[in-house]
Amino acid sequence: MKKYLNNSIKITVVAAVISFSSCKEKNGLAPEYMPDMYRSPSLETYVDYGELRGKQGNDSLRNVLNARKPVAGTIHRGFSPYPYANSIDGYNEAGEKLTSAIPYTEQSVAKGRELYGMFCVHCHGTTGQGDGSLIEREVFPPLPIKFNENLVLPEGKMFHSITYGKNLMGAHASQLNQEERWQLIHFIRVEFMKQALTANIVSTADTNVVAK
Ligand code: HEC
């Protein structure tokens with residue numbers, strides 16, 4: 001019985017020594033029993049791409065973020081690129097080639113009227129003659145432009161100026177999407193420049209209308 005006891009003590013001691021001494025990795029760190037808990041197998045957006053799960057197979061990927069830059073020419077959802085440059089040439093080109101992307105309708109004019117009251121009226125005024133509150137209170141210089149029948153200004157140039165701004169007028173592309181900019185032009189042309197709505201009228205019931 002005593003012999004058995006001695007043996008079991010010896011076995012316990014040896015097992016303890018083995019288990020303690022085996023608890024070391026070559027690098028001196030404690031072993032990882034569940035490496036997935038330490039190193040996520042999924043790609044993490046802002047983590048070094050070469051560090052995936054501790055594997056460093058491809059050196060060219062070291063210090064490269066997983067989040068990649070979009071390929072050249074990528075545009076964000078809902079954004080329509082505007083092809084004319086912010087220059088005199090771009091302005092003239094837009095005047096020659098750019099026409100309304102949406103049909104003139106009572107709805108587009110009504111929407112334009114609403115937007116005009118929010119974004120433009122304080123300068124261009126309720127009559128479109130530059131009698132906005134900022135001008136009347138003399139906090140902004142008199143406008144060199146009056147929207148009326150005698151104004152010869154192609155819609156493409158109007159769109160260009162609203163997009164990029166012109167001289168003292170600021171750019172409005174960040175506040176108004178392209179459709180809204182066209183709606184504003186429809187309102188200005190029909191209301192102040194007396195363009196006939198029938199010039200490009202399309203039945204609003206027809207949803208397959210292709211832009212002019
Ligand atoms: C802070 C005052 C101000 C506001 C706000 C403003 N404009 Fe203007 N706008 C001007 C001035 C000044 C000009 C004249 C620019 C020039 O030709 O020197 C102008 C010119 C224009 C022109 C003629 C551009 C051209 O090519 O000759 C259009 C069209 C126009 N504005 C539309 C709008 C619309 C639409 C809005 C509202 C979204 C608006 N503006 C808001 C000051 C303003």
# chains A, B, ... in the order shown; residues from 1 in each chain; ligands from 1
>>> residues_near_ligand(ligand="ligand 1", cutoff="7 Å", atoms="only C-alpha atoms and all ligand atoms", output="MDAnalysis selection string")
chainID A and resid 116 119:124 143:145 153 157:162 166:170 172 181 184:185
>>> write_last_selection(atoms="N, CA and C atoms", output="mmCIF file, in the first residue's frame")
data_model
loop_
_atom_site.group_PDB
_atom_site.id
_atom_site.type_symbol
_atom_site.label_atom_id
_atom_site.label_comp_id
_atom_site.auth_asym_id
_atom_site.auth_seq_id
_atom_site.Cartn_x
_atom_site.Cartn_y
_atom_site.Cartn_z
ATOM 1 N N TYR A 116 -37.205 77.824 -54.583
ATOM 2 C CA TYR A 116 -36.800 79.222 -54.779
ATOM 3 C C TYR A 116 -37.055 80.020 -53.497
ATOM 4 N N PHE A 119 -34.152 78.923 -51.052
ATOM 5 C CA PHE A 119 -32.722 79.088 -51.350
ATOM 6 C C PHE A 119 -32.356 80.353 -52.126
ATOM 7 N N CYS A 120 -33.299 80.989 -52.776
ATOM 8 C CA CYS A 120 -32.911 82.031 -53.739
ATOM 9 C C CYS A 120 -33.569 83.378 -53.493
ATOM 10 N N VAL A 121 -34.735 83.364 -52.864
ATOM 11 C CA VAL A 121 -35.559 84.576 -52.825
ATOM 12 C C VAL A 121 -34.880 85.730 -52.087
ATOM 13 N N HIS A 122 -34.052 85.444 -51.109
ATOM 14 C CA HIS A 122 -33.433 86.523 -50.339
ATOM 15 C C HIS A 122 -32.454 87.331 -51.181
ATOM 16 N N CYS A 123 -32.016 86.807 -52.317
ATOM 17 C CA CYS A 123 -31.196 87.609 -53.230
ATOM 18 C C CYS A 123 -32.002 87.996 -54.466
ATOM 19 N N HIS A 124 -32.525 86.992 -55.169
ATOM 20 C CA HIS A 124 -33.174 87.277 -56.457
ATOM 21 C C HIS A 124 -34.554 87.905 -56.301
ATOM 22 N N LEU A 143 -27.913 93.010 -57.601
ATOM 23 C CA LEU A 143 -27.603 91.907 -58.506
ATOM 24 C C LEU A 143 -27.471 92.425 -59.947
ATOM 25 N N PRO A 144 -26.493 91.919 -60.669
ATOM 26 C CA PRO A 144 -26.349 92.344 -62.065
ATOM 27 C C PRO A 144 -27.314 91.605 -62.994
ATOM 28 N N ILE A 145 -28.216 90.807 -62.421
ATOM 29 C CA ILE A 145 -29.082 89.998 -63.297
ATOM 30 C C ILE A 145 -30.551 90.144 -62.910
ATOM 31 N N LEU A 153 -30.596 83.646 -71.849
ATOM 32 C CA LEU A 153 -29.679 82.823 -71.052
ATOM 33 C C LEU A 153 -30.105 81.360 -71.184
ATOM 34 N N LYS A 157 -26.523 77.108 -69.163
ATOM 35 C CA LYS A 157 -25.685 78.064 -68.428
ATOM 36 C C LYS A 157 -26.263 78.309 -67.042
ATOM 37 N N MET A 158 -27.574 78.357 -66.964
ATOM 38 C CA MET A 158 -28.207 78.552 -65.650
ATOM 39 C C MET A 158 -27.829 77.390 -64.729
ATOM 40 N N PHE A 159 -27.926 76.183 -65.285
ATOM 41 C CA PHE A 159 -27.620 74.997 -64.476
ATOM 42 C C PHE A 159 -26.166 75.035 -64.012
ATOM 43 N N HIS A 160 -25.299 75.403 -64.943
ATOM 44 C CA HIS A 160 -23.863 75.478 -64.645
ATOM 45 C C HIS A 160 -23.613 76.468 -63.502
ATOM 46 N N SER A 161 -24.242 77.638 -63.577
ATOM 47 C CA SER A 161 -24.017 78.677 -62.552
ATOM 48 C C SER A 161 -24.575 78.253 -61.190
ATOM 49 N N ILE A 162 -25.719 77.589 -61.196
ATOM 50 C CA ILE A 162 -26.283 77.150 -59.909
ATOM 51 C C ILE A 162 -25.387 76.053 -59.308
ATOM 52 N N LYS A 166 -21.402 81.601 -59.443
ATOM 53 C CA LYS A 166 -20.856 82.525 -60.444
ATOM 54 C C LYS A 166 -20.569 83.846 -59.752
ATOM 55 N N ASN A 167 -19.346 84.318 -59.841
ATOM 56 C CA ASN A 167 -18.922 85.554 -59.167
ATOM 57 C C ASN A 167 -19.410 85.575 -57.712
ATOM 58 N N LEU A 168 -20.315 86.528 -57.389
ATOM 59 C CA LEU A 168 -20.734 86.634 -55.986
ATOM 60 C C LEU A 168 -21.753 85.575 -55.553
ATOM 61 N N MET A 169 -22.304 84.883 -56.525
ATOM 62 C CA MET A 169 -23.266 83.828 -56.131
ATOM 63 C C MET A 169 -22.515 82.532 -55.827
ATOM 64 N N GLY A 170 -22.832 81.943 -54.686
ATOM 65 C CA GLY A 170 -22.135 80.720 -54.272
ATOM 66 C C GLY A 170 -22.646 79.486 -55.002
ATOM 67 N N HIS A 172 -24.342 75.899 -55.381
ATOM 68 C CA HIS A 172 -25.470 75.291 -54.672
ATOM 69 C C HIS A 172 -25.540 73.778 -54.855
ATOM 70 N N ARG A 181 -32.153 71.343 -59.001
ATOM 71 C CA ARG A 181 -31.609 72.482 -59.745
ATOM 72 C C ARG A 181 -32.411 72.706 -61.019
ATOM 73 N N LEU A 184 -35.740 74.336 -60.191
ATOM 74 C CA LEU A 184 -35.577 75.780 -59.977
ATOM 75 C C LEU A 184 -35.527 76.528 -61.302
ATOM 76 N N ILE A 185 -34.800 75.963 -62.256
ATOM 77 C CA ILE A 185 -34.693 76.595 -63.574
ATOM 78 C C ILE A 185 -36.057 76.627 -64.253
#
>>> residues_around(residues="segment 92-102 of chain A", least_positions_apart="6", cutoff="9 Å", atoms="only C-alpha atoms", output="JSON, numbers by chain")
{"A": [83, 84, 108, 153, 154, 155, 156, 157, 158, 159, 160, 178, 179, 182, 183, 185, 186, 209, 210, 211, 212]}
>>> closest_residue(among="A:Glu180, A:Pro35, A:Leu43, A:Leu197", to="Met118 of chain A", atoms="only C-alpha atoms")
A:Glu180
>>> atom_distance(atom1="atom CA of Tyr38 of chain A", atom2="atom CA of Lys69 of chain A")
27.3 Å
>>> atom_distance(atom1="atom CA of Arg113 of chain A", atom2="atom CA of Gln195 of chain A")
14.9 Å
>>> select_by_dssp(residues="segment 34-198 of chain A", states="strand (DSSP E or B)", output="count of residues only")
5
>>> atom_distance(atom1="atom CA of Leu176 of chain A", atom2="atom CA of Thr163 of chain A")
8.5 Å
>>> residues_around(residues="segment 146-148 of chain A", least_positions_apart="2", cutoff="9 Å", atoms="only C-alpha atoms", output="list in words")
His124, Thr127, Gly128, Gln129, Gly130, Leu143, Pro144, Asn150, Leu151, Val152, Ile188, Arg189, Glu191, Phe192, Met193 and Lys194 of chain A
>>> write_last_selection(atoms="C-alpha atoms", output="mmCIF file, in the first residue's frame")
data_model
loop_
_atom_site.group_PDB
_atom_site.id
_atom_site.type_symbol
_atom_site.label_atom_id
_atom_site.label_comp_id
_atom_site.auth_asym_id
_atom_site.auth_seq_id
_atom_site.Cartn_x
_atom_site.Cartn_y
_atom_site.Cartn_z
ATOM 1 C CA HIS A 124 -33.174 87.277 -56.457
ATOM 2 C CA THR A 127 -40.182 89.169 -58.651
ATOM 3 C CA GLY A 128 -36.843 87.755 -59.855
ATOM 4 C CA GLN A 129 -35.566 91.324 -60.400
ATOM 5 C CA GLY A 130 -32.963 91.205 -57.650
ATOM 6 C CA LEU A 143 -27.603 91.907 -58.506
ATOM 7 C CA PRO A 144 -26.349 92.344 -62.065
ATOM 8 C CA ASN A 150 -35.582 89.963 -72.291
ATOM 9 C CA LEU A 151 -32.926 87.855 -70.606
ATOM 10 C CA VAL A 152 -31.229 85.592 -73.102
ATOM 11 C CA ILE A 188 -37.461 80.814 -63.077
ATOM 12 C CA ARG A 189 -38.014 80.352 -66.816
ATOM 13 C CA GLU A 191 -42.521 82.426 -63.914
ATOM 14 C CA PHE A 192 -40.071 85.236 -64.697
ATOM 15 C CA MET A 193 -38.692 84.627 -68.186
ATOM 16 C CA LYS A 194 -42.194 83.866 -69.497
#
>>> closest_residue(among="A:Phe140, A:Pro81, A:His76, A:Thr126", to="Glu114 of chain A", atoms="only C-alpha atoms")
A:Thr126
>>> closest_residue(among="A:Ala110, A:Ala30, A:Leu115, A:Ala67", to="Gln175 of chain A", atoms="only C-alpha atoms")
A:Leu115
>>> closest_residue(among="A:Val139, A:Leu65, A:Ala72, A:Ile88", to="Tyr164 of chain A", atoms="only C-alpha atoms")
A:Ile88
>>> select_by_dssp(residues="segment 12-200 of chain A", states="helix (DSSP H, G or I)", output="MDAnalysis selection string")
chainID A and resid 12:21 35:38 49:54 59:61 88:97 106:119 121:124 133:136 155:164 178:192 197:200
>>> write_last_selection(atoms="C-alpha atoms", output="compact mmCIF listing (two decimals), in the first residue's frame")
# COMPACT_ATOMS: atom_id res chain seq x y z
CA THR A 12 1.71 13.43 -9.63
CA VAL A 13 5.00 15.32 -9.29
CA VAL A 14 6.19 14.28 -12.78
CA ALA A 15 2.82 15.19 -14.31
CA ALA A 16 2.88 18.58 -12.61
CA VAL A 17 6.41 19.28 -13.86
CA ILE A 18 5.48 18.24 -17.43
CA SER A 19 2.30 20.26 -17.46
CA PHE A 20 3.97 23.40 -16.08
CA SER A 21 6.99 23.17 -18.35
CA PRO A 35 -6.81 31.73 -31.25
CA ASP A 36 -10.03 32.87 -32.93
CA MET A 37 -10.84 34.74 -29.75
CA TYR A 38 -7.58 36.68 -30.02
CA TYR A 49 -4.41 43.23 -44.04
CA GLY A 50 -1.15 41.30 -43.66
CA GLU A 51 -1.98 40.48 -40.02
CA LEU A 52 -4.98 38.33 -40.70
CA ARG A 53 -5.07 35.63 -38.03
CA GLY A 54 -1.41 36.13 -37.33
CA ASP A 59 4.69 40.94 -47.30
CA SER A 60 3.25 43.32 -49.85
CA LEU A 61 0.06 43.34 -47.79
CA ILE A 88 -15.46 79.69 -68.86
CA ASP A 89 -15.15 76.96 -71.50
CA GLY A 90 -17.22 74.59 -69.36
CA TYR A 91 -19.84 77.34 -68.91
CA ASN A 92 -20.08 77.99 -72.65
CA GLU A 93 -20.15 74.29 -73.46
CA ALA A 94 -22.96 73.69 -70.96
CA GLY A 95 -24.82 76.58 -72.61
CA GLU A 96 -24.58 74.89 -75.99
CA LYS A 97 -25.11 71.25 -75.09
CA GLU A 106 -46.67 71.97 -63.62
CA GLN A 107 -45.22 69.80 -60.88
CA SER A 108 -41.61 70.67 -61.68
CA VAL A 109 -42.47 74.38 -61.71
CA ALA A 110 -44.35 74.05 -58.41
CA LYS A 111 -41.42 72.25 -56.79
CA GLY A 112 -39.06 74.89 -58.17
CA ARG A 113 -41.22 77.65 -56.66
CA GLU A 114 -40.95 75.99 -53.26
CA LEU A 115 -37.15 75.65 -53.52
CA TYR A 116 -36.80 79.22 -54.78
CA GLY A 117 -38.53 80.45 -51.62
CA MET A 118 -36.00 78.55 -49.52
CA PHE A 119 -32.72 79.09 -51.35
CA VAL A 121 -35.56 84.58 -52.82
CA HIS A 122 -33.43 86.52 -50.34
CA CYS A 123 -31.20 87.61 -53.23
CA HIS A 124 -33.17 87.28 -56.46
CA SER A 133 -34.30 91.14 -48.63
CA LEU A 134 -30.49 91.04 -48.54
CA ILE A 135 -30.29 93.57 -51.36
CA GLU A 136 -33.03 95.79 -49.94
CA GLU A 155 -30.86 76.72 -69.44
CA GLY A 156 -27.49 74.90 -69.57
CA LYS A 157 -25.68 78.06 -68.43
CA MET A 158 -28.21 78.55 -65.65
CA PHE A 159 -27.62 75.00 -64.48
CA HIS A 160 -23.86 75.48 -64.64
CA SER A 161 -24.02 78.68 -62.55
CA ILE A 162 -26.28 77.15 -59.91
CA THR A 163 -23.98 74.11 -59.72
CA TYR A 164 -20.64 75.91 -59.41
CA GLN A 178 -29.56 67.87 -60.02
CA GLU A 179 -33.31 67.35 -60.22
CA GLU A 180 -33.91 70.18 -57.78
CA ARG A 181 -31.61 72.48 -59.75
CA TRP A 182 -33.64 71.76 -62.88
CA GLN A 183 -36.89 72.36 -61.02
CA LEU A 184 -35.58 75.78 -59.98
CA ILE A 185 -34.69 76.60 -63.57
CA HIS A 186 -38.15 75.52 -64.70
CA PHE A 187 -39.71 77.87 -62.16
CA ILE A 188 -37.46 80.81 -63.08
CA ARG A 189 -38.01 80.35 -66.82
CA VAL A 190 -41.76 79.87 -66.65
CA GLU A 191 -42.52 82.43 -63.91
CA PHE A 192 -40.07 85.24 -64.70
CA LEU A 197 -44.76 75.70 -70.11
CA THR A 198 -46.03 73.96 -73.25
CA ALA A 199 -42.58 74.33 -74.82
CA ASN A 200 -41.61 71.00 -73.40
